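Asks: Below is the file model.csv, with CSV, C-alpha atoms.
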chain,number,residue,atom,x,y,z
A,1,MET,CA,-24.9,197.3,-114.5
A,2,MET,CA,-21.7,195.8,-115.9
A,3,THR,CA,-20.2,198.0,-118.6
A,4,LEU,CA,-19.7,196.6,-122.1
A,5,LEU,CA,-15.9,196.7,-121.7
A,6,THR,CA,-16.0,194.8,-118.4
A,7,ALA,CA,-18.2,192.2,-120.0
A,8,LEU,CA,-15.9,191.9,-122.9
A,9,VAL,CA,-12.8,191.5,-120.6
A,10,PHE,CA,-14.6,188.7,-118.7
A,11,ALA,CA,-15.7,187.0,-121.9
A,12,ILE,CA,-12.0,187.0,-123.1
A,13,LEU,CA,-10.8,185.7,-119.7
A,14,ALA,CA,-13.5,183.0,-119.6
A,15,ALA,CA,-12.1,181.6,-122.9
A,16,HIS,CA,-8.5,181.4,-121.4
A,17,PRO,CA,-8.6,177.9,-119.9
A,18,VAL,CA,-10.2,176.3,-123.0
A,19,CYS,CA,-7.7,178.0,-125.3
A,20,MET,CA,-4.8,176.9,-123.0
A,21,LEU,CA,-6.0,173.3,-123.3
A,22,LEU,CA,-6.2,173.6,-127.1
A,23,ILE,CA,-2.8,175.2,-127.4
A,24,HIS,CA,-1.3,172.6,-125.1
A,25,ARG,CA,-2.9,169.8,-127.2
A,26,ALA,CA,-1.4,171.4,-130.4
A,27,LEU,CA,2.0,171.6,-128.7
A,28,CYS,CA,1.8,168.0,-127.5
A,29,ARG,CA,1.0,166.8,-131.0
A,30,TRP,CA,3.6,169.0,-132.6
A,31,GLY,CA,6.3,168.2,-130.0
A,32,SER,CA,5.7,164.5,-129.9
A,33,ARG,CA,8.7,164.0,-132.0
A,34,ALA,CA,11.0,165.9,-129.7
A,35,HIS,CA,12.1,162.9,-127.6
A,36,GLY,CA,14.0,163.5,-124.4
A,37,ARG,CA,12.2,166.7,-123.6
A,38,PRO,CA,10.2,166.8,-120.4
A,39,PRO,CA,6.4,167.1,-121.1
A,40,GLN,CA,6.0,169.7,-118.4
A,41,GLY,CA,7.9,172.1,-120.6
A,42,ARG,CA,5.1,172.0,-123.2
A,43,ALA,CA,2.5,172.7,-120.4
A,44,LEU,CA,4.5,175.6,-119.2
A,45,GLY,CA,4.8,176.8,-122.8
A,46,ALA,CA,1.1,176.5,-123.4
A,47,ALA,CA,0.3,178.4,-120.2
A,48,ALA,CA,2.7,181.2,-121.0
A,49,LEU,CA,1.7,181.5,-124.7
A,50,THR,CA,-2.0,181.6,-123.9
A,51,SER,CA,-1.6,184.2,-121.2
A,52,ALA,CA,0.5,186.4,-123.4
A,53,LEU,CA,-2.1,186.1,-126.2
A,54,PHE,CA,-5.0,186.9,-124.0
A,55,LEU,CA,-3.2,189.8,-122.3
A,56,LEU,CA,-2.7,191.2,-125.8
A,57,LEU,CA,-6.4,190.8,-126.6
A,58,VAL,CA,-7.4,192.5,-123.3
A,59,SER,CA,-4.9,195.3,-123.9
A,60,ALA,CA,-6.3,195.9,-127.4
A,61,ALA,CA,-9.9,196.0,-126.0
A,62,SER,CA,-9.2,198.4,-123.2
A,63,TRP,CA,-6.3,200.5,-124.6
A,64,ASN,CA,-8.3,203.7,-124.6
A,65,ASP,CA,-10.0,203.2,-121.2
A,66,GLU,CA,-9.0,205.3,-118.3
A,67,HIS,CA,-8.7,202.1,-116.2
A,68,PHE,CA,-6.3,200.4,-118.6
A,69,VAL,CA,-3.6,199.7,-116.0
A,70,ALA,CA,-6.1,198.2,-113.6
A,71,ILE,CA,-7.8,196.1,-116.3
A,72,PHE,CA,-4.4,194.8,-117.5
A,73,LEU,CA,-3.2,194.1,-113.9
A,74,TYR,CA,-6.5,192.3,-113.1
A,75,SER,CA,-6.3,190.2,-116.2
A,76,ALA,CA,-2.7,189.4,-115.7
A,77,LEU,CA,-3.4,188.2,-112.2
A,78,LEU,CA,-6.3,186.0,-113.3
A,79,CYS,CA,-4.4,184.6,-116.2
A,80,SER,CA,-1.4,183.8,-113.9
A,81,CYS,CA,-3.8,182.0,-111.5
A,82,ALA,CA,-5.4,180.0,-114.3
A,83,SER,CA,-2.0,179.2,-115.8
A,84,GLY,CA,-0.6,178.3,-112.4
A,85,VAL,CA,-3.4,175.9,-111.6
A,86,TYR,CA,-3.2,174.3,-115.1
A,87,PHE,CA,0.5,173.8,-114.9
A,88,VAL,CA,0.6,172.4,-111.4
A,89,MET,CA,-2.3,170.1,-112.1
A,90,PHE,CA,-0.6,168.8,-115.2
A,91,CYS,CA,2.6,168.2,-113.3
A,92,ASN,CA,0.5,166.3,-110.7
A,93,THR,CA,-0.7,164.0,-113.5
A,94,GLU,CA,2.8,163.6,-114.7
A,95,SER,CA,4.7,162.9,-111.5
A,96,GLY,CA,2.4,163.6,-108.5
A,97,ARG,CA,2.5,161.0,-105.7
A,98,ARG,CA,-1.2,161.4,-104.8
A,99,TYR,CA,-2.3,160.7,-108.4
A,100,HIS,CA,0.1,157.8,-108.9
A,101,ILE,CA,-0.9,156.1,-105.7
A,102,LEU,CA,-4.6,156.5,-106.5
A,103,LYS,CA,-4.0,155.1,-110.0
A,104,LEU,CA,-2.2,152.2,-108.4
A,105,LEU,CA,-5.1,151.6,-106.1
A,106,LEU,CA,-7.5,151.6,-109.0
A,107,THR,CA,-5.5,149.2,-111.1
A,108,ARG,CA,-4.4,146.8,-108.4
A,109,GLU,CA,-7.3,146.7,-105.9
A,110,HIS,CA,-7.0,146.8,-102.1
A,111,LEU,CA,-3.3,147.3,-101.6
A,112,GLU,CA,-1.7,147.4,-98.2
A,113,ARG,CA,0.5,150.4,-97.2
A,114,GLY,CA,3.6,148.3,-97.4
A,115,GLU,CA,2.8,147.1,-100.9
A,116,ILE,CA,2.3,150.7,-102.0
A,117,ARG,CA,5.6,151.7,-100.5
A,118,ALA,CA,7.2,148.8,-102.3
A,119,ALA,CA,5.6,149.6,-105.7
A,120,TYR,CA,6.4,153.3,-105.3
A,121,SER,CA,9.8,153.0,-103.7
A,122,ALA,CA,12.4,155.6,-102.9
A,123,GLN,CA,14.7,154.0,-105.5
A,124,TYR,CA,12.1,154.4,-108.2
A,125,ILE,CA,11.2,158.0,-107.2
A,126,VAL,CA,14.8,159.1,-107.0
A,127,ASP,CA,15.8,157.6,-110.4
A,128,LYS,CA,12.8,159.2,-112.2
A,129,ARG,CA,13.3,162.6,-110.5
A,130,LEU,CA,17.0,162.8,-110.9
A,131,ASP,CA,16.7,162.1,-114.7
A,132,ARG,CA,14.0,164.8,-114.9
A,133,LEU,CA,16.0,167.3,-112.9
A,134,VAL,CA,19.0,166.8,-115.2
A,135,GLN,CA,16.7,167.1,-118.2
A,136,TRP,CA,15.3,170.4,-116.8
A,137,GLY,CA,18.9,171.6,-116.2
A,138,ALA,CA,18.3,172.0,-112.4
A,139,LEU,CA,21.1,169.5,-111.7
A,140,ARG,CA,24.2,168.7,-113.7
A,141,LEU,CA,26.1,165.4,-113.6
A,142,GLU,CA,29.7,166.2,-112.9
A,143,ARG,CA,32.1,163.2,-112.4
A,144,GLY,CA,29.3,161.0,-111.2
A,145,ARG,CA,28.0,163.6,-108.8
A,146,PHE,CA,24.7,165.6,-109.2
A,147,VAL,CA,25.4,169.3,-108.6
A,148,ILE,CA,23.2,172.3,-108.7
A,149,HIS,CA,23.1,173.8,-112.2
A,150,LYS,CA,20.3,176.3,-112.6
A,151,ARG,CA,19.8,178.1,-109.3
A,152,ARG,CA,16.3,179.2,-109.9
A,153,PHE,CA,15.0,175.7,-109.2
A,154,LEU,CA,16.9,175.6,-105.9
A,155,LEU,CA,15.5,179.1,-105.0
A,156,THR,CA,12.0,177.8,-105.7
A,157,SER,CA,12.7,174.8,-103.4
A,158,LEU,CA,14.0,177.1,-100.7
A,159,LEU,CA,10.9,179.2,-101.0
A,160,PHE,CA,8.7,176.2,-100.6
A,161,TYR,CA,10.8,174.9,-97.7
A,162,GLY,CA,10.6,178.3,-96.0
A,163,TRP,CA,6.9,178.4,-96.4
A,164,SER,CA,6.5,174.8,-95.0
A,165,ARG,CA,8.6,175.8,-92.0
A,166,LEU,CA,6.3,178.9,-91.5
A,167,LEU,CA,3.3,176.5,-91.5
A,168,GLY,CA,5.1,174.3,-89.0
A,169,TYR,CA,6.0,171.4,-91.3
A,170,ARG,CA,9.4,169.7,-90.9
A,171,TRP,CA,11.0,168.2,-94.0
A,172,PHE,CA,14.2,167.7,-92.2
A,173,PRO,CA,15.6,169.2,-88.9
A,174,PRO,CA,18.0,172.1,-89.2
A,175,LEU,CA,21.6,171.3,-88.3
A,176,THR,CA,23.5,173.4,-85.8
A,177,PRO,CA,27.2,174.3,-86.4
A,178,THR,CA,28.1,171.3,-84.3
A,179,GLY,CA,26.4,169.0,-86.8
A,180,LYS,CA,23.6,168.0,-84.4
A,181,ASN,CA,20.0,168.9,-85.0
A,182,HIS,CA,18.4,171.4,-82.6
A,183,ARG,CA,16.4,168.8,-80.8
A,184,GLN,CA,19.5,166.7,-80.1
A,185,GLU,CA,21.4,169.7,-78.9
A,186,SER,CA,18.8,171.1,-76.6
A,187,LYS,CA,17.3,167.9,-75.1
A,188,GLY,CA,19.9,165.2,-75.3
A,189,PRO,CA,21.0,163.0,-78.2
A,190,ALA,CA,19.5,159.6,-77.7
A,191,SER,CA,16.1,160.1,-76.3
A,192,GLU,CA,14.8,162.8,-78.6
A,193,ALA,CA,16.1,161.2,-81.8
A,194,ASP,CA,13.5,158.5,-81.4
A,195,GLU,CA,10.7,161.0,-81.8
A,196,SER,CA,11.7,162.0,-85.4
A,197,SER,CA,10.9,160.0,-88.5
A,198,PRO,CA,13.5,157.7,-90.2
A,199,PHE,CA,13.9,160.3,-92.9
A,200,GLU,CA,14.6,163.0,-90.3
A,201,ARG,CA,17.1,160.8,-88.5
A,202,LYS,CA,18.9,160.1,-91.7
A,203,MET,CA,19.1,163.8,-92.6
A,204,ALA,CA,20.3,164.6,-89.1
A,205,ALA,CA,23.0,161.9,-89.4
B,1,LEU,CA,-15.7,199.0,-113.3
B,2,ILE,CA,-12.4,197.1,-112.8
B,3,SER,CA,-10.2,199.5,-110.7
B,4,LEU,CA,-7.0,199.4,-108.7
B,5,ALA,CA,-9.1,199.7,-105.5
B,6,LEU,CA,-10.9,196.5,-106.3
B,7,ILE,CA,-7.6,194.7,-106.9
B,8,VAL,CA,-6.3,196.0,-103.6
B,9,HIS,CA,-9.4,194.8,-101.8
B,10,ALA,CA,-9.1,191.3,-103.3
B,11,LEU,CA,-5.4,191.1,-102.4
B,12,ALA,CA,-6.1,192.3,-98.9
B,13,ALA,CA,-8.9,189.8,-98.5
B,14,PHE,CA,-6.6,187.0,-99.7
B,15,ALA,CA,-3.9,188.1,-97.3
B,16,VAL,CA,-6.4,187.9,-94.4
B,17,GLY,CA,-7.2,184.3,-95.5
B,18,LEU,CA,-3.5,183.5,-95.7
B,19,ALA,CA,-2.9,184.9,-92.2
B,20,ALA,CA,-5.8,182.8,-90.8
B,21,HIS,CA,-4.3,179.8,-92.5
B,22,ILE,CA,-0.9,180.3,-90.9
B,23,VAL,CA,-2.3,180.9,-87.5
B,24,TRP,CA,-4.6,177.8,-87.7
B,25,TRP,CA,-1.8,175.6,-89.0
B,26,ARG,CA,0.7,176.7,-86.3
B,27,ALA,CA,-1.9,176.2,-83.6
B,28,GLY,CA,-2.7,172.7,-84.8
B,29,ARG,CA,-2.9,171.2,-88.2
B,30,PRO,CA,-6.4,170.3,-89.3
B,31,ARG,CA,-7.2,166.7,-90.3
B,32,ASP,CA,-8.8,167.5,-93.7
B,33,ASP,CA,-6.3,170.0,-95.1
B,34,VAL,CA,-8.2,170.7,-98.3
B,35,LEU,CA,-11.5,171.6,-96.6
B,36,ALA,CA,-9.7,173.7,-94.0
B,37,LEU,CA,-7.7,175.5,-96.7
B,38,PHE,CA,-10.8,176.1,-98.8
B,39,LEU,CA,-12.4,177.7,-95.7
B,40,CYS,CA,-9.3,179.9,-95.0
B,41,VAL,CA,-8.2,181.0,-98.5
B,42,VAL,CA,-11.5,181.0,-100.4
B,43,LEU,CA,-14.6,181.3,-98.2
B,44,LEU,CA,-13.0,183.7,-95.6
B,45,PRO,CA,-11.8,186.2,-98.2
B,46,LEU,CA,-15.2,186.1,-99.9
B,47,GLY,CA,-16.8,186.7,-96.6
B,48,ALA,CA,-14.4,189.5,-95.8
B,49,LEU,CA,-15.1,191.2,-99.1
B,50,THR,CA,-18.9,190.9,-98.6
B,51,GLY,CA,-18.5,192.2,-95.1
B,52,MET,CA,-16.4,195.1,-96.2
B,53,GLY,CA,-18.9,196.1,-98.9
B,54,THR,CA,-21.8,195.8,-96.5
B,55,LEU,CA,-20.1,197.7,-93.7
B,56,GLY,CA,-18.9,200.4,-96.1
B,57,GLY,CA,-22.5,201.0,-97.1
B,58,ALA,CA,-21.8,200.1,-100.7
B,59,ALA,CA,-25.0,198.2,-101.1
B,60,GLU,CA,-27.1,201.3,-100.5
B,61,ALA,CA,-24.9,203.9,-102.1
B,62,GLY,CA,-24.3,202.3,-105.5
B,63,SER,CA,-25.9,199.9,-107.9
B,64,HIS,CA,-22.5,198.5,-108.8
B,65,TRP,CA,-22.0,196.8,-105.5
B,66,ALA,CA,-22.8,193.3,-106.7
B,67,VAL,CA,-20.6,193.6,-109.8
B,68,GLU,CA,-17.7,195.0,-107.8
B,69,LEU,CA,-18.1,192.2,-105.3
B,70,PHE,CA,-18.0,189.7,-108.2
B,71,ILE,CA,-14.9,191.3,-109.7
B,72,SER,CA,-12.9,191.4,-106.4
B,73,GLY,CA,-14.4,188.1,-105.3
B,74,LEU,CA,-13.4,186.3,-108.5
B,75,LEU,CA,-9.8,187.5,-108.1
B,76,ALA,CA,-9.6,186.5,-104.4
B,77,ALA,CA,-11.1,183.1,-105.2
B,78,ALA,CA,-8.7,182.6,-108.1
B,79,LEU,CA,-5.7,183.4,-105.8
B,80,GLY,CA,-7.1,181.0,-103.2
B,81,CYS,CA,-7.6,178.2,-105.7
B,82,CYS,CA,-4.1,178.7,-107.0
B,83,TYR,CA,-2.8,178.5,-103.4
B,84,ILE,CA,-4.7,175.3,-102.7
B,85,ILE,CA,-3.1,173.7,-105.7
B,86,LEU,CA,0.4,174.9,-104.7
B,87,TYR,CA,0.0,174.0,-101.0
B,88,PRO,CA,0.9,170.2,-101.3
B,89,GLY,CA,4.3,171.2,-102.4
B,90,ALA,CA,4.9,172.7,-98.9
B,91,GLN,CA,2.9,170.1,-97.1
B,92,ALA,CA,4.2,166.8,-98.4
B,93,ALA,CA,7.8,167.7,-99.4
B,94,SER,CA,8.2,167.1,-103.2
B,95,PRO,CA,10.9,164.5,-103.8
B,96,SER,CA,12.4,166.8,-106.5
B,97,MET,CA,12.7,169.7,-104.0
B,98,LEU,CA,14.2,167.3,-101.4
B,99,LEU,CA,16.8,166.1,-103.9
B,100,LEU,CA,17.7,169.7,-104.9
B,101,LEU,CA,18.0,170.8,-101.2
B,102,THR,CA,20.0,167.7,-100.3
B,103,ALA,CA,22.3,168.1,-103.3
B,104,ASN,CA,22.9,171.7,-102.3
B,105,ARG,CA,23.4,170.8,-98.7
B,106,ILE,CA,26.1,168.2,-99.3
B,107,ARG,CA,27.6,170.2,-102.2
B,108,GLY,CA,26.7,167.6,-104.9
B,109,GLY,CA,26.0,164.0,-104.3
B,110,ARG,CA,26.1,160.6,-106.0
B,111,ARG,CA,22.9,158.8,-106.9
B,112,GLU,CA,23.3,156.5,-103.9
B,113,GLU,CA,24.1,159.4,-101.5
B,114,LEU,CA,20.9,161.2,-102.6
B,115,LEU,CA,18.9,158.0,-102.3
B,116,ALA,CA,20.3,157.4,-98.8
B,117,ALA,CA,19.1,160.9,-97.8
B,118,LEU,CA,15.5,160.0,-98.7
B,119,ASP,CA,13.3,157.4,-97.2
B,120,SER,CA,10.5,155.7,-99.0
B,121,HIS,CA,8.5,155.7,-95.7
B,122,ALA,CA,8.7,159.5,-95.4
B,123,LEU,CA,8.1,160.0,-99.1
B,124,CYS,CA,4.9,157.9,-99.1
B,125,GLU,CA,3.6,158.2,-95.6
B,126,GLU,CA,2.4,161.9,-95.7
B,127,THR,CA,0.6,161.3,-99.0
B,128,LEU,CA,-1.1,158.1,-97.8
B,129,LYS,CA,-2.2,159.9,-94.6
B,130,SER,CA,-3.6,162.8,-96.5
B,131,LEU,CA,-5.4,160.5,-99.0
B,132,VAL,CA,-7.3,158.9,-96.1
B,133,ASN,CA,-7.9,162.2,-94.2
B,134,GLU,CA,-9.1,164.0,-97.3
B,135,LYS,CA,-11.5,161.1,-98.2
B,136,PHE,CA,-9.8,160.1,-101.5
B,137,ALA,CA,-9.3,156.6,-100.1
B,138,ARG,CA,-10.3,154.7,-96.9
B,139,LEU,CA,-8.5,152.1,-94.8
B,140,GLU,CA,-10.3,148.8,-94.7
B,141,ALA,CA,-8.7,146.1,-92.6
B,142,GLY,CA,-5.2,147.4,-93.3
B,143,ARG,CA,-5.8,147.8,-97.0
B,144,LEU,CA,-6.4,151.1,-98.9
B,145,VAL,CA,-9.6,151.3,-101.0
B,146,PRO,CA,-10.1,154.2,-103.4
B,147,LEU,CA,-13.3,156.3,-102.7
B,148,ALA,CA,-15.5,158.0,-105.3
B,149,ARG,CA,-13.5,161.3,-104.9
B,150,GLY,CA,-10.2,159.5,-105.6
B,151,ALA,CA,-11.6,157.5,-108.5
B,152,GLY,CA,-13.1,160.7,-110.0
B,153,LEU,CA,-9.8,162.5,-109.8
B,154,VAL,CA,-7.9,159.8,-111.6
B,155,ARG,CA,-10.6,159.5,-114.3
B,156,VAL,CA,-10.6,163.3,-114.9
B,157,CYS,CA,-6.8,163.3,-115.1
B,158,GLN,CA,-6.8,160.3,-117.5
B,159,ALA,CA,-9.4,162.0,-119.7
B,160,TRP,CA,-7.3,165.2,-119.7
B,161,ARG,CA,-4.2,163.3,-120.7
B,162,SER,CA,-6.0,161.4,-123.5
B,163,ILE,CA,-7.3,164.8,-124.9
B,164,LEU,CA,-3.6,165.9,-125.0
B,165,GLY,CA,-2.6,162.7,-126.6
B,166,LEU,CA,-0.1,161.8,-123.8
B,167,ARG,CA,0.4,158.4,-122.3
B,168,ASP,CA,0.4,158.2,-118.5
B,169,GLY,CA,3.2,160.0,-116.7
B,170,GLU,CA,5.8,157.9,-115.1
B,171,GLY,CA,6.1,159.4,-111.6
Would you give me this structure, written as structure tokens?
Replies:
Amino acid sequence: MMTLLTALVFAILAAHPVCMLLIHRALCRWGSRAHGRPPQGRALGAAALTSALFLLLVSAASWNDEHFVAIFLYSALLCSCASGVYFVMFCNTESGRRYHILKLLLTREHLERGEIRAAYSAQYIVDKRLDRLVQWGALRLERGRFVIHKRRFLLTSLLFYGWSRLLGYRWFPPLTPTGKNHRQESKGPASEADESSPFERKMAA
Amino acid sequence: LISLALIVHALAAFAVGLAAHIVWWRAGRPRDDVLALFLCVVLLPLGALTGMGTLGGAAEAGSHWAVELFISGLLAAALGCCYIILYPGAQAASPSMLLLLTANRIRGGRREELLAALDSHALCEETLKSLVNEKFARLEAGRLVPLARGAGLVRVCQAWRSILGLRDGEG
């Protein structure tokens, strides 16, 4: 049988996602006057605030238990997972390509691939993302050039890039000290370049 | 009942799922990423935990077996779901990450230089492909038509944003 404490911990954890939504809603209503702030910040704030609150509740409920450390660690892991899912899902509704393309398909029926690419062009994406990255403080505008400001965003990107390489994905080919990519250097410049995508060819150049 | 041993079991089961995912992806990427990922990082860990409990004789020895399986299984499944949500960031390179990596690589760049480093074909193509492969939309005479799965996703997200009182994001 499940002990009373375990049941209580699960009851607290089950309420976590609903409370996160309510706190997020309150933050959105309260913060609607703070123009120029990225909305993802409020989602992150709601996730962090709810997790901290619920970990306090779990700690208070299990303080005297011999398995306090395990209960706290378990709850922290579950809260982190729930917060992570909530935050990433929210970011997807804010700027996710998959969501925006699906929305485009629902509002303007039966689009061709080329029309989607035109409606959701690189120019549009880059403009929106650069503005947001500056808002977040990830990039800084310095004499007309965008330079890295807060390195933790870059480190996250590098982590994702490393993971994608481990899975065998190729965002852009690695450059050798001679400035050529590995495929060009090992198999000849002209023939192999044709195998890569236009994006890869631009990065290699 | 929650113990460090159960947490370690859940983490180990999740690690087994991740290892299987890496091996599968390196051997040849599956067509339906989401289904394959669900199999690797949710179902496989749950199966491993059940197998570990059964082989360890836990079912016979203690009456807590089912509860312990629930505790460790819930954590392993939560980690798996979290990974599935994060995975598109590595699969279809996020434009924000590409911009950061490019700005770092060229030691700061102008808007046009960063734009030149990206390509709308590459930015959209992987997503369009995965929308069709994962049955969110289908190709019909060269045109994309949203399927029930895709329409459902959009409606849920729109309802969520309306609860929050936010207008649609701008991409």
Asks: Contacts of Gly165 in chain B at 9 Å or less, counting all atoms listed in the file, minus same-chain residues fewer than 6 places along, as an MDAnalysis selection string?
Replies: chainID A and resid 25 28:29
Asks: Could you build a table of the residues in range 96-159 of chain A lying no more than 10 Å from range 92-108 of chain B, giving for each the nearest pair of atoms and their separation in Å rounded to one decimal place, using only C-alpha atoms, ordered by chain and ascending residue number, as a tab-separated table?
Replies:
residue	atom	partner	partner_atom	distance
A:Gly96	CA	B:Ser94	CA	8.6
A:Arg97	CA	B:Ser94	CA	8.7
A:Arg98	CA	B:Ala92	CA	10.0
A:Ala122	CA	B:Pro95	CA	9.1
A:Ile125	CA	B:Pro95	CA	7.3
A:Val126	CA	B:Pro95	CA	7.4
A:Lys128	CA	B:Ser96	CA	9.5
A:Arg129	CA	B:Ser96	CA	5.9
A:Leu130	CA	B:Ser96	CA	7.5
A:Arg132	CA	B:Ser96	CA	8.8
A:Leu133	CA	B:Ser96	CA	7.4
A:Ala138	CA	B:Leu100	CA	7.9
A:Leu139	CA	B:Leu100	CA	7.6
A:Arg140	CA	B:Gly108	CA	9.2
A:Leu141	CA	B:Gly108	CA	9.0
A:Glu142	CA	B:Gly108	CA	8.7
A:Gly144	CA	B:Gly108	CA	9.5
A:Arg145	CA	B:Gly108	CA	5.7
A:Phe146	CA	B:Gly108	CA	5.1
A:Val147	CA	B:Gly108	CA	4.3
A:Ile148	CA	B:Asn104	CA	6.4
A:His149	CA	B:Leu100	CA	10.0
A:Arg151	CA	B:Leu100	CA	9.7
A:Phe153	CA	B:Leu100	CA	7.9
A:Leu154	CA	B:Leu100	CA	6.0
A:Leu155	CA	B:Leu101	CA	9.5
A:Thr156	CA	B:Met97	CA	8.3
A:Ser157	CA	B:Met97	CA	5.1
A:Leu158	CA	B:Leu101	CA	7.5
Asks: For CA of Ala15 in chain A and CA of Gly150 in chain B, determine how far apart the two atoms are, in Å to one decimal place.
Replies: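 Value for the CA of Ala15 in chain A-CA of Gly150 in chain B distance: 28.1 Å.
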Asks: Considering all atoms listed in the file, return as a PyMOL selection string whatever protein or nucleic-acid residues lie within 9 Å of Leu37 in chain B, sequence-local ones (same chain, fewer than 5 positions apart) excluded.
Replies: chain B and resi 17+21+32+42+80+83-84+87
Asks: Show me, as a ChimeraX atom specification, the residues of chain B whose atoms get within 7 Å of chain A, using all atoms listed in the file for the distance check.
Replies: /B:1-4,7,22,25-26,64,67,75,78-79,82,85,89-91,93,96-97,100-101,103-104,107-110,115,117-122,124,127,142-146,150,154,157,164-165,169-171
Asks: Find the spatial neighbours of Leu39 in chain B, counting all atoms listed in the file, within a cut-off of 12 Å - ignore same-chain residues fewer than 4 positions away - and output them as a list in words.
Replies: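 Selected residues are Phe14, Val16, Gly17, Leu18, Ala20, His21, Trp24, Pro30, Asp32, Asp33, Val34, Leu35, Leu43, Leu44, Pro45, Leu46, Gly47, Ala48, Ala77, Gly80, Cys81 and Ile84 of chain B.
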Asks: Which distance in Å separates CA of Gly51 in chain B and CA of Leu86 in chain B, to one decimal?
Replies: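 The value is 27.4 Å.
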